[in-house]
file target_27.cif (mmCIF, C-alpha atoms)
data_work
#
loop_
_atom_site.label_atom_id
_atom_site.label_comp_id
_atom_site.auth_asym_id
_atom_site.auth_seq_id
_atom_site.Cartn_x
_atom_site.Cartn_y
_atom_site.Cartn_z
CA MET A 49 -24.81 22.15 -15.84
CA THR A 50 -21.68 23.82 -17.09
CA THR A 51 -20.97 27.36 -15.93
CA THR A 52 -18.53 29.73 -17.51
CA SER A 53 -16.26 31.69 -15.18
CA PRO A 54 -14.95 35.15 -15.98
CA ALA A 55 -11.67 35.16 -17.84
CA SER A 56 -8.65 34.97 -15.56
CA PRO A 57 -4.96 35.40 -16.37
CA VAL A 58 -4.23 32.33 -14.20
CA PHE A 59 -5.68 28.95 -15.17
CA HIS A 60 -7.97 27.85 -12.34
CA GLY A 61 -6.34 24.44 -12.24
CA TRP A 62 -3.37 25.99 -10.47
CA PHE A 63 -5.65 27.07 -7.60
CA VAL A 64 -6.79 23.47 -7.32
CA VAL A 65 -3.12 22.44 -7.21
CA ALA A 66 -2.51 24.96 -4.42
CA ALA A 67 -5.46 23.63 -2.41
CA ALA A 68 -4.26 20.03 -2.81
CA PHE A 69 -0.74 21.13 -1.78
CA ALA A 70 -2.10 22.65 1.45
CA VAL A 71 -4.25 19.62 2.28
CA MET A 72 -1.29 17.28 1.86
CA PHE A 73 1.04 19.59 3.77
CA ILE A 74 -1.27 19.46 6.77
CA GLY A 75 -2.33 15.81 6.61
CA PHE A 76 1.03 14.23 5.90
CA GLY A 77 2.94 16.77 7.96
CA ALA A 78 0.87 15.63 10.92
CA ALA A 79 1.33 11.95 10.03
CA TYR A 80 5.08 12.06 9.41
CA SER A 81 5.76 14.11 12.53
CA PHE A 82 4.89 10.98 14.50
CA SER A 83 8.56 10.01 14.64
CA ALA A 84 9.16 12.97 16.99
CA PHE A 85 6.63 11.46 19.42
CA VAL A 86 8.16 7.95 19.58
CA ASP A 87 10.49 8.58 22.53
CA PRO A 88 7.94 10.62 24.58
CA LEU A 89 5.30 7.90 24.09
CA GLN A 90 7.77 5.19 25.10
CA GLY A 91 8.69 7.16 28.22
CA THR A 92 5.10 7.95 29.20
CA PHE A 93 3.57 4.52 28.69
CA GLY A 94 6.60 2.24 29.12
CA ALA A 95 6.00 0.80 25.65
CA SER A 96 8.44 -0.99 23.37
CA ARG A 97 9.46 0.50 20.05
CA GLY A 98 7.41 -2.10 18.21
CA GLU A 99 4.30 -1.19 20.18
CA VAL A 100 4.76 2.52 19.48
CA SER A 101 5.50 1.90 15.79
CA LEU A 102 2.17 0.12 15.47
CA ILE A 103 0.40 3.47 16.00
CA PHE A 104 1.90 4.89 12.79
CA SER A 105 1.35 1.62 10.94
CA LEU A 106 -2.36 1.59 11.83
CA ALA A 107 -2.75 5.16 10.65
CA GLY A 108 -0.78 4.47 7.48
CA PHE A 109 -2.80 1.34 6.72
CA LEU A 110 -6.03 3.31 7.01
CA TYR A 111 -5.01 6.30 4.93
CA PHE A 112 -3.98 4.11 2.03
CA ALA A 113 -6.70 1.45 2.40
CA LEU A 114 -9.51 3.99 2.68
CA GLY A 115 -8.85 5.19 -0.86
CA LEU A 116 -10.81 2.08 -1.84
CA ILE A 117 -13.90 3.84 -0.43
CA THR A 118 -13.10 7.54 -0.64
CA GLY A 119 -11.92 7.43 -4.27
CA PRO A 120 -15.25 6.23 -5.71
CA ILE A 121 -17.15 8.60 -3.39
CA ALA A 122 -15.09 11.50 -4.73
CA ASP A 123 -15.76 10.39 -8.33
CA ARG A 124 -19.48 10.54 -7.58
CA TRP A 125 -19.86 13.49 -5.20
CA GLY A 126 -16.69 15.53 -5.67
CA ALA A 127 -13.50 15.90 -3.66
CA ARG A 128 -14.44 18.90 -1.54
CA PRO A 129 -16.82 17.47 1.11
CA ILE A 130 -14.87 14.30 1.80
CA THR A 131 -11.54 16.17 1.97
CA LEU A 132 -13.09 18.71 4.34
CA ALA A 133 -14.18 15.86 6.62
CA GLY A 134 -10.69 14.39 6.39
CA MET A 135 -9.02 17.52 7.71
CA VAL A 136 -11.39 17.56 10.69
CA PHE A 137 -10.60 13.90 11.43
CA VAL A 138 -6.84 14.62 11.36
CA GLY A 139 -7.19 17.42 13.87
CA LEU A 140 -9.53 15.54 16.20
CA GLY A 141 -7.27 12.48 16.12
CA MET A 142 -4.33 14.45 17.49
CA ILE A 143 -6.42 16.36 20.02
CA LEU A 144 -7.95 13.14 21.40
CA ALA A 145 -4.59 11.33 21.40
CA ALA A 146 -3.24 14.10 23.62
CA GLN A 147 -5.78 13.10 26.30
CA ALA A 148 -4.83 9.39 26.26
CA THR A 149 -4.02 7.57 29.48
CA SER A 150 -3.04 4.28 27.81
CA MET A 151 -1.46 3.05 24.60
CA ASN A 152 -4.77 1.53 23.52
CA GLN A 153 -6.33 4.99 23.62
CA VAL A 154 -3.51 6.36 21.46
CA TYR A 155 -4.07 3.53 18.97
CA ILE A 156 -7.73 4.47 18.70
CA ALA A 157 -7.42 8.26 18.74
CA TYR A 158 -4.32 8.79 16.58
CA GLY A 159 -4.50 5.61 14.53
CA LEU A 160 -8.15 6.02 13.61
CA GLY A 161 -8.27 9.82 13.60
CA VAL A 162 -5.22 10.58 11.49
CA GLY A 163 -5.71 7.41 9.46
CA LEU A 164 -9.30 8.29 8.59
CA GLY A 165 -8.38 11.91 8.01
CA VAL A 166 -5.57 11.36 5.54
CA GLY A 167 -7.55 8.51 3.97
CA CYS A 168 -10.44 10.87 3.28
CA SER A 169 -8.27 13.64 1.88
CA TYR A 170 -5.29 12.21 -0.02
CA VAL A 171 -6.79 10.22 -2.90
CA PRO A 172 -9.64 12.68 -3.62
CA ALA A 173 -7.26 15.67 -3.62
CA ILE A 174 -4.56 14.15 -5.84
CA ALA A 175 -7.12 12.63 -8.23
CA CYS A 176 -8.82 16.00 -8.46
CA VAL A 177 -5.62 17.54 -9.83
CA GLN A 178 -5.29 14.91 -12.58
CA ARG A 179 -8.48 16.05 -14.30
CA TRP A 180 -7.30 19.63 -14.70
CA PHE A 181 -4.16 18.84 -16.74
CA THR A 182 -3.01 16.79 -19.73
CA ARG A 183 0.32 18.06 -21.08
CA LYS A 184 1.61 19.13 -17.66
CA ARG A 185 -0.10 16.40 -15.65
CA ALA A 186 2.99 14.99 -13.93
CA PHE A 187 4.32 18.48 -13.22
CA ALA A 188 1.02 19.61 -11.68
CA SER A 189 0.77 16.39 -9.72
CA GLY A 190 4.32 16.93 -8.50
CA LEU A 191 3.50 20.43 -7.29
CA ALA A 192 0.43 19.16 -5.44
CA VAL A 193 2.16 16.31 -3.67
CA ALA A 194 5.09 18.61 -2.89
CA GLY A 195 2.85 19.53 0.01
CA ILE A 196 3.82 16.17 1.52
CA GLY A 197 7.50 17.01 1.11
CA VAL A 198 7.20 20.50 2.56
CA GLY A 199 5.06 19.13 5.38
CA THR A 200 7.77 16.56 6.13
CA LEU A 201 10.35 19.37 6.08
CA VAL A 202 8.49 21.78 8.35
CA VAL A 203 6.19 19.87 10.71
CA PRO A 204 8.44 17.21 12.35
CA PRO A 205 11.13 19.69 13.49
CA ALA A 206 8.39 22.10 14.61
CA ALA A 207 6.71 19.26 16.50
CA SER A 208 10.01 18.37 18.20
CA LEU A 209 10.48 21.98 19.33
CA ALA A 210 6.88 22.12 20.53
CA ILE A 211 7.37 18.91 22.52
CA GLU A 212 10.45 20.38 24.21
CA ALA A 213 8.66 23.65 25.00
CA LEU A 214 5.11 22.46 25.78
CA GLY A 215 5.20 18.71 26.27
CA TRP A 216 3.93 16.11 23.82
CA ARG A 217 0.29 16.41 24.87
CA THR A 218 0.02 20.15 24.33
CA ALA A 219 2.01 19.88 21.12
CA TRP A 220 -0.59 17.48 19.70
CA VAL A 221 -3.45 19.76 20.76
CA VAL A 222 -1.88 22.77 19.01
CA MET A 223 -1.23 20.74 15.87
CA GLY A 224 -4.78 19.38 15.91
CA VAL A 225 -6.40 22.80 16.13
CA ALA A 226 -4.20 24.08 13.30
CA ALA A 227 -5.12 21.09 11.14
CA ILE A 228 -8.84 21.73 11.55
CA VAL A 229 -8.71 25.49 10.94
CA LEU A 230 -6.21 25.62 8.08
CA GLY A 231 -6.93 22.26 6.47
CA ALA A 232 -10.68 22.65 6.32
CA GLY A 233 -10.32 26.15 4.90
CA MET A 234 -8.07 25.02 2.06
CA ALA A 235 -10.23 21.98 1.29
CA LEU A 236 -13.02 24.35 0.30
CA LEU A 237 -10.96 25.43 -2.74
CA LEU A 238 -10.91 21.95 -4.33
CA GLU A 239 -12.95 21.45 -7.51
CA ALA A 240 -13.22 18.08 -9.21
CA ASP A 241 -13.88 18.89 -12.88
CA PRO A 242 -12.78 21.83 -15.09
CA ARG A 243 -15.91 21.39 -17.21
CA HIS A 244 -17.99 22.76 -14.33
CA ARG A 245 -16.29 26.09 -15.04
CA GLY A 246 -16.57 25.73 -18.79
CA LEU A 247 -12.87 24.97 -19.05
CA ALA A 248 -10.78 22.27 -20.70
CA PRO A 249 -7.73 20.60 -19.14
CA ASP A 250 -4.60 22.81 -19.32
CA GLY A 251 -6.78 25.86 -19.96
CA GLY A 252 -9.03 26.77 -22.85
CA THR A 253 -12.62 27.93 -22.92
CA ALA A 254 -16.04 26.40 -23.01
CA ALA A 255 -15.74 26.07 -26.77
CA ALA A 256 -12.95 23.55 -26.23
CA VAL A 257 -15.01 21.41 -23.85
CA GLN A 258 -16.67 18.46 -25.59
CA GLY A 259 -19.98 18.17 -23.79
CA THR A 260 -20.77 17.52 -20.17
CA GLY A 261 -21.28 13.73 -20.21
CA PRO A 262 -19.06 11.16 -18.53
CA ALA A 263 -15.33 11.80 -18.80
CA PRO A 264 -13.38 9.41 -21.06
CA GLY A 265 -11.63 6.37 -19.64
CA MET A 266 -12.04 2.81 -18.41
CA SER A 267 -14.57 1.59 -15.92
CA VAL A 268 -13.16 0.38 -12.62
CA ALA A 269 -13.86 -3.25 -13.60
CA GLU A 270 -12.02 -2.83 -16.92
CA ALA A 271 -9.02 -1.30 -15.19
CA LEU A 272 -8.85 -4.06 -12.57
CA ARG A 273 -8.80 -6.74 -15.27
CA SER A 274 -5.93 -5.12 -17.18
CA ARG A 275 -2.30 -6.24 -17.13
CA ALA A 276 -1.22 -2.64 -16.53
CA PHE A 277 -3.12 -2.52 -13.23
CA PHE A 278 -1.72 -5.87 -12.12
CA GLN A 279 1.81 -4.65 -12.85
CA LEU A 280 1.30 -1.42 -10.91
CA TYR A 281 -0.31 -3.26 -7.99
CA LEU A 282 2.36 -5.94 -7.77
CA SER A 283 5.26 -3.48 -7.89
CA GLY A 284 3.59 -1.24 -5.31
CA THR A 285 2.95 -4.15 -2.96
CA ILE A 286 6.55 -5.39 -3.11
CA SER A 287 7.97 -1.91 -2.51
CA ALA A 288 5.51 -0.87 0.21
CA PHE A 289 6.86 -3.10 2.98
CA GLY A 290 9.91 -0.87 3.30
CA VAL A 291 8.87 2.52 1.94
CA PHE A 292 7.82 4.04 5.25
CA VAL A 293 10.38 2.42 7.56
CA PRO A 294 12.64 5.54 7.46
CA PHE A 295 9.73 7.82 8.38
CA VAL A 296 9.24 5.98 11.68
CA HIS A 297 12.68 4.67 12.54
CA LEU A 298 15.32 7.04 11.17
CA VAL A 299 14.94 9.50 14.07
CA PRO A 300 15.09 6.80 16.81
CA TYR A 301 18.03 5.24 14.95
CA ALA A 302 19.90 8.54 15.17
CA THR A 303 19.04 9.16 18.83
CA ASP A 304 20.24 5.63 19.67
CA ARG A 305 23.64 6.79 18.40
CA GLY A 306 23.75 9.84 20.63
CA THR A 307 22.15 12.48 18.41
CA ALA A 308 20.00 15.01 20.29
CA PRO A 309 16.26 14.49 19.65
CA ALA A 310 15.75 17.93 18.07
CA THR A 311 18.74 17.37 15.76
CA ALA A 312 17.59 13.84 14.88
CA ALA A 313 14.14 15.18 13.98
CA LEU A 314 15.82 17.38 11.38
CA LEU A 315 16.58 14.20 9.43
CA LEU A 316 12.88 13.98 8.63
CA GLY A 317 13.13 17.60 7.54
CA VAL A 318 15.95 16.60 5.20
CA ILE A 319 13.72 13.88 3.75
CA GLY A 320 11.19 16.64 3.25
CA ILE A 321 13.72 18.83 1.44
CA GLY A 322 14.67 15.99 -0.88
CA SER A 323 11.04 15.00 -1.34
CA THR A 324 10.05 18.55 -2.24
CA ALA A 325 12.89 18.80 -4.73
CA GLY A 326 11.93 15.46 -6.25
CA ARG A 327 8.30 16.42 -6.66
CA PHE A 328 9.08 19.80 -8.22
CA MET A 329 11.82 18.58 -10.57
CA LEU A 330 10.95 15.01 -11.43
CA GLY A 331 7.31 15.62 -12.32
CA GLY A 332 8.31 17.93 -15.18
CA ILE A 333 11.10 15.56 -16.24
CA ALA A 334 8.63 12.68 -16.31
CA ASP A 335 6.39 14.58 -18.73
CA ARG A 336 9.32 14.63 -21.17
CA LEU A 337 11.19 11.40 -20.37
CA GLY A 338 8.11 9.23 -19.96
CA ARG A 339 6.13 8.71 -16.79
CA ARG A 340 6.43 4.91 -16.64
CA THR A 341 10.18 5.06 -17.26
CA THR A 342 10.50 7.65 -14.51
CA LEU A 343 8.53 5.42 -12.12
CA VAL A 344 11.05 2.61 -12.67
CA CYS A 345 13.89 5.04 -11.92
CA MET A 346 12.21 6.08 -8.66
CA TYR A 347 12.12 2.50 -7.39
CA VAL A 348 15.78 2.03 -8.31
CA GLY A 349 16.71 5.31 -6.62
CA MET A 350 14.94 4.46 -3.34
CA GLY A 351 16.65 1.07 -3.26
CA ALA A 352 20.09 2.51 -4.01
CA SER A 353 19.81 5.24 -1.37
CA LEU A 354 19.04 2.63 1.32
CA ILE A 355 22.55 1.25 0.77
CA ILE A 356 23.85 4.37 2.53
CA TRP A 357 21.68 3.78 5.60
CA ALA A 358 22.72 0.12 5.72
CA GLY A 359 26.44 0.87 5.48
CA PHE A 360 26.99 4.11 7.41
CA SER A 361 25.78 5.55 10.71
CA SER A 362 27.35 9.01 11.01
CA LEU A 363 24.99 11.98 11.13
CA TRP A 364 26.32 13.30 7.80
CA ALA A 365 25.77 9.93 6.12
CA LEU A 366 22.25 9.76 7.51
CA GLY A 367 21.62 13.28 6.21
CA LEU A 368 22.81 12.27 2.73
CA PHE A 369 20.60 9.18 2.83
CA ALA A 370 17.61 11.23 3.99
CA PHE A 371 18.00 13.73 1.14
CA LEU A 372 18.46 11.14 -1.63
CA TYR A 373 15.69 8.92 -0.31
CA GLY A 374 13.42 11.93 -0.13
CA VAL A 375 14.14 12.86 -3.78
CA PHE A 376 13.20 9.44 -5.12
CA TYR A 377 10.32 8.89 -2.71
CA GLY A 378 8.93 12.28 -3.70
CA GLY A 379 9.28 11.45 -7.38
CA TRP A 380 7.47 8.13 -6.82
CA VAL A 381 4.53 9.84 -5.12
CA ALA A 382 4.39 12.53 -7.83
CA VAL A 383 4.55 10.25 -10.85
CA LEU A 384 2.34 7.31 -9.81
CA PRO A 385 -1.07 9.10 -10.07
CA SER A 386 -0.13 10.42 -13.52
CA VAL A 387 0.81 6.92 -14.67
CA VAL A 388 -2.65 5.77 -13.52
CA MET A 389 -4.35 8.61 -15.40
CA ASP A 390 -2.34 7.85 -18.55
CA ALA A 391 -3.25 4.16 -18.40
CA PHE A 392 -6.93 4.32 -17.47
CA GLY A 393 -8.26 7.82 -18.24
CA SER A 394 -10.13 10.31 -16.07
CA ARG A 395 -13.57 8.70 -15.86
CA ASN A 396 -12.92 6.81 -12.61
CA VAL A 397 -9.44 8.02 -11.74
CA SER A 398 -10.19 8.59 -8.02
CA GLY A 399 -11.60 5.10 -7.59
CA ILE A 400 -8.77 3.41 -9.50
CA ILE A 401 -6.07 5.30 -7.58
CA GLY A 402 -7.85 4.45 -4.33
CA ILE A 403 -7.94 0.75 -5.15
CA LEU A 404 -4.30 0.81 -6.29
CA TYR A 405 -3.18 2.37 -3.02
CA THR A 406 -4.54 -0.57 -1.02
CA CYS A 407 -1.31 -2.32 -2.05
CA VAL A 408 0.60 0.32 -0.09
CA ALA A 409 -1.73 -0.05 2.89
CA VAL A 410 -0.69 -3.61 3.72
CA GLY A 411 3.01 -2.81 3.47
CA THR A 412 2.58 0.27 5.64
CA LEU A 413 0.79 -1.76 8.30
CA VAL A 414 3.42 -4.50 8.38
CA GLY A 415 6.72 -2.79 7.50
CA PRO A 416 7.32 -0.14 10.21
CA THR A 417 5.82 -2.35 12.93
CA ALA A 418 7.91 -5.37 11.94
CA ALA A 419 11.02 -3.15 11.85
CA GLY A 420 10.26 -2.03 15.41
CA TYR A 421 9.84 -5.57 16.74
CA ILE A 422 12.97 -6.74 14.89
CA TYR A 423 14.87 -3.93 16.58
CA ASP A 424 13.41 -4.90 19.98
CA ALA A 425 14.63 -8.47 19.45
CA SER A 426 18.02 -7.85 17.85
CA GLY A 427 19.01 -4.26 18.65
CA SER A 428 19.58 -3.64 14.93
CA TYR A 429 17.72 -2.18 11.96
CA LEU A 430 19.92 -3.88 9.35
CA LEU A 431 17.45 -6.59 8.33
CA PRO A 432 14.50 -4.20 7.76
CA ILE A 433 16.76 -1.90 5.73
CA LEU A 434 17.93 -4.79 3.53
CA VAL A 435 14.33 -5.96 3.01
CA ALA A 436 13.29 -2.45 2.00
CA MET A 437 16.22 -2.24 -0.40
CA ALA A 438 15.40 -5.58 -2.05
CA GLY A 439 11.72 -4.65 -2.31
CA ASN A 440 12.42 -1.48 -4.26
CA PHE A 441 14.82 -3.17 -6.67
CA THR A 442 12.30 -5.96 -7.26
CA ALA A 443 9.50 -3.44 -7.87
CA ALA A 444 11.66 -1.70 -10.46
CA GLY A 445 12.20 -5.04 -12.19
CA VAL A 446 8.47 -5.76 -12.30
CA MET A 447 7.74 -2.38 -13.90
CA ALA A 448 10.63 -2.65 -16.36
CA LEU A 449 9.57 -6.15 -17.43
CA GLY A 450 6.04 -4.94 -18.08
CA MET A 451 7.32 -2.05 -20.20
CA ARG A 452 9.49 -4.42 -22.21
CA ARG A 453 6.43 -6.54 -22.98
CA GLY A 454 4.52 -3.41 -23.99
CA GLN A 455 2.00 -3.62 -21.15
#
call {"tool": "encode", "arguments": {"input": "target_27.cif", "output": "structure tokens"}}
result
Amino acid sequence: MTTTSPASPVFHGWFVVAAAFAVMFIGFGAAYSFSAFVDPLQGTFGASRGEVSLIFSLAGFLYFALGLITGPIADRWGARPITLAGMVFVGLGMILAAQATSMNQVYIAYGLGVGLGVGCSYVPAIACVQRWFTRKRAFASGLAVAGIGVGTLVVPPAASLAIEALGWRTAWVVMGVAAIVLGAGMALLLEADPRHRGLAPDGGTAAAVQGTGPAPGMSVAEALRSRAFFQLYLSGTISAFGVFVPFVHLVPYATDRGTAPATAALLLGVIGIGSTAGRFMLGGIADRLGRRTTLVCMYVGMGASLIIWAGFSSLWALGLFAFLYGVFYGGWVAVLPSVVMDAFGSRNVSGIIGILYTCVAVGTLVGPTAAGYIYDASGSYLLPILVAMAGNFTAAGVMALGMRRGQ
């Protein structure tokens, strides 16, 4: 049934955006703060950098791969319950990892806990936002996923300070409790469909809502058979092998060159600043310039920024790289769900986004871990950086070729 809410001066979709922002701030802030724990975990367990990097890669693989399951569940049952469970998983993963006495226990606790948690919350939350907007879809999506950028800005430096003051185990316990309390509370504000409030996308009243039947759009099977989906999946797969290498290895790279750990952790904060700026600015620009065109530009921008990391090693150069990479990475995350909604409609948007993100899962599993083992063998990150650079440029070419053919 459709219910009509009392008139409000603020469109309720913006409250949904705020809830999605908070969920992503907590989930991805916890995930991307992992870089601050690399050195303590190496010191505690005598592990190599490749072995420690595998923890993040396992979590990253799960939180992108699980969209294959959580997206369709959210389409059927709504985003709120599964996102609520996700926030609890994130918190428990960190709390249990803090009790670990071996690396295998950290793999299970953090890898499964945070991986399951973000996997349950990300796709349902971002897909939820898409249904509330049409004209400002990329802008609203950008605001929601800005939570990832702000989380990357705030949480890793805070985690580094907590590690220095409390130790890495207590730091993870504190972060885990905060994730459960704050994340679960904000997840309760998510609503999947404006029609349940008698509203239309972008605002409007019940009179503007055309019935309460299935939302328009392709079935999952129709989307998977389309050239547009193949193009998005191929470009995402090629890019994904290098996308998350900086999130794991930029801080250790800086500490290897004599930067203090707390200062090096600020580089992730700089990625967060750039990412937040990209999500706020580029989403609105994409609504005017064209979302697919903007997506191509994001791939080019990520590839070009990696040239700085490959060629320079001073702290200022790394800071410039971190900011620029963050801008284009943030724009990529903001624009991609809107491109999916434009191409396939709202009927099964959670499921389609979830399936699409499996392409990122494989790259996230392989990329950061391979970069760690390459470093262990050669003492250099140059090859992983060059591979990431080439992947982004190739992804841009795939998208641009598809646009030229009118796909």
call {"tool": "closest_residue", "arguments": {"input": "target_27.cif", "among": "A:Phe369, A:Pro249, A:Ile401, A:Phe441", "to": "Phe277 of chain A", "atoms": "all atoms listed in the file"}}
result
A:Ile401
call {"tool": "residues_around", "arguments": {"input": "target_27.cif", "residues": "segment 281-296 of chain A", "least_positions_apart": "4", "cutoff": "7 Å", "atoms": "all atoms listed in the file", "output": "list of chain:residue names"}}
result
A:Tyr80, A:Ser83, A:Ser101, A:Phe277, A:Leu316, A:Leu404, A:Cys407, A:Val408, A:Gly411, A:Thr412, A:Val414, A:Gly415, A:Pro416, A:Val435, A:Ala436, A:Gly439, A:Asn440, A:Ala443, A:Val446, A:Met447
call {"tool": "resolve_selection", "arguments": {"input": "target_27.cif", "expression": "the PyMOL selection byres ((chain A and resi 117) around 10)", "output": "PyMOL selection string"}}
result
chain A and resi 113-116+118-122+167-168+171+398-399+402-403
call {"tool": "closest_residue", "arguments": {"input": "target_27.cif", "among": "A:Leu237, A:Leu191, A:Ala365, A:Ile356", "to": "Ala382 of chain A", "atoms": "all atoms listed in the file"}}
result
A:Leu191
call {"tool": "closest_residue", "arguments": {"input": "target_27.cif", "among": "A:Trp62, A:Tyr373, A:Tyr423, A:Tyr301", "to": "Phe187 of chain A", "atoms": "only C-alpha atoms"}}
result
A:Trp62
call {"tool": "closest_residue", "arguments": {"input": "target_27.cif", "among": "A:Val162, A:Gly233, A:Ile174, A:Trp125", "to": "Ala186 of chain A", "atoms": "only C-alpha atoms"}}
result
A:Ile174
call {"tool": "residues_near_point", "arguments": {"input": "target_27.cif", "point": "(1.7, 9.4, 13.7)", "cutoff": "8 Å", "atoms": "all atoms listed in the file", "output": "ChimeraX atom specification"}}
result
/A:78-83,85,103-104,107,158-159,162
call {"tool": "resolve_selection", "arguments": {"input": "target_27.cif", "expression": "the PyMOL selection byres ((chain A and resi 60) around 9)", "output": "PyMOL selection string"}}
result
chain A and resi 56+58-59+61-65+180+242+245+247+251
call {"tool": "residues_around", "arguments": {"input": "target_27.cif", "residues": "Val221 of chain A", "least_positions_apart": "5", "cutoff": "7 Å", "atoms": "all atoms listed in the file", "output": "list in words"}}
result
Met142, Ile143 and Ala146 of chain A
call {"tool": "resolve_selection", "arguments": {"input": "target_27.cif", "expression": "the PyMOL selection byres ((chain A and resi 370) around 8)", "output": "compact mmCIF listing (two decimals) with C-alpha atoms, in the frame of the given file"}}
result
# COMPACT_ATOMS: atom_id res chain seq x y z
CA LEU A 315 16.58 14.20 9.43
CA LEU A 316 12.88 13.98 8.63
CA VAL A 318 15.95 16.60 5.20
CA ILE A 319 13.72 13.88 3.75
CA GLY A 322 14.67 15.99 -0.88
CA LEU A 366 22.25 9.76 7.51
CA GLY A 367 21.62 13.28 6.21
CA LEU A 368 22.81 12.27 2.73
CA PHE A 369 20.60 9.18 2.83
CA PHE A 371 18.00 13.73 1.14
CA LEU A 372 18.46 11.14 -1.63
CA TYR A 373 15.69 8.92 -0.31
CA GLY A 374 13.42 11.93 -0.13
call {"tool": "residues_around", "arguments": {"input": "target_27.cif", "residues": "Ser150 of chain A", "least_positions_apart": "2", "cutoff": "10 Å", "atoms": "all atoms listed in the file", "output": "count of residues only"}}
result
12
call {"tool": "residues_around", "arguments": {"input": "target_27.cif", "residues": "Val71 of chain A", "least_positions_apart": "6", "cutoff": "10 Å", "atoms": "all atoms listed in the file", "output": "PDB file with C-alpha atoms, in the frame of the given file"}}
result
ATOM      1  CA  VAL A  65      -3.120  22.440  -7.210  1.00  0.00           C
ATOM      2  CA  GLY A  77       2.940  16.770   7.960  1.00  0.00           C
ATOM      3  CA  THR A 131     -11.540  16.170   1.970  1.00  0.00           C
ATOM      4  CA  LEU A 132     -13.090  18.710   4.340  1.00  0.00           C
ATOM      5  CA  GLY A 134     -10.690  14.390   6.390  1.00  0.00           C
ATOM      6  CA  MET A 135      -9.020  17.520   7.710  1.00  0.00           C
ATOM      7  CA  VAL A 166      -5.570  11.360   5.540  1.00  0.00           C
ATOM      8  CA  SER A 169      -8.270  13.640   1.880  1.00  0.00           C
ATOM      9  CA  TYR A 170      -5.290  12.210  -0.020  1.00  0.00           C
ATOM     10  CA  ALA A 173      -7.260  15.670  -3.620  1.00  0.00           C
ATOM     11  CA  ILE A 174      -4.560  14.150  -5.840  1.00  0.00           C
ATOM     12  CA  ALA A 192       0.430  19.160  -5.440  1.00  0.00           C
ATOM     13  CA  VAL A 193       2.160  16.310  -3.670  1.00  0.00           C
ATOM     14  CA  GLY A 195       2.850  19.530   0.010  1.00  0.00           C
ATOM     15  CA  ILE A 196       3.820  16.170   1.520  1.00  0.00           C
ATOM     16  CA  GLY A 199       5.060  19.130   5.380  1.00  0.00           C
ATOM     17  CA  ALA A 227      -5.120  21.090  11.140  1.00  0.00           C
ATOM     18  CA  LEU A 230      -6.210  25.620   8.080  1.00  0.00           C
ATOM     19  CA  GLY A 231      -6.930  22.260   6.470  1.00  0.00           C
ATOM     20  CA  ALA A 232     -10.680  22.650   6.320  1.00  0.00           C
ATOM     21  CA  GLY A 233     -10.320  26.150   4.900  1.00  0.00           C
ATOM     22  CA  MET A 234      -8.070  25.020   2.060  1.00  0.00           C
ATOM     23  CA  ALA A 235     -10.230  21.980   1.290  1.00  0.00           C
ATOM     24  CA  LEU A 238     -10.910  21.950  -4.330  1.00  0.00           C
TER      25      LEU A 238
END
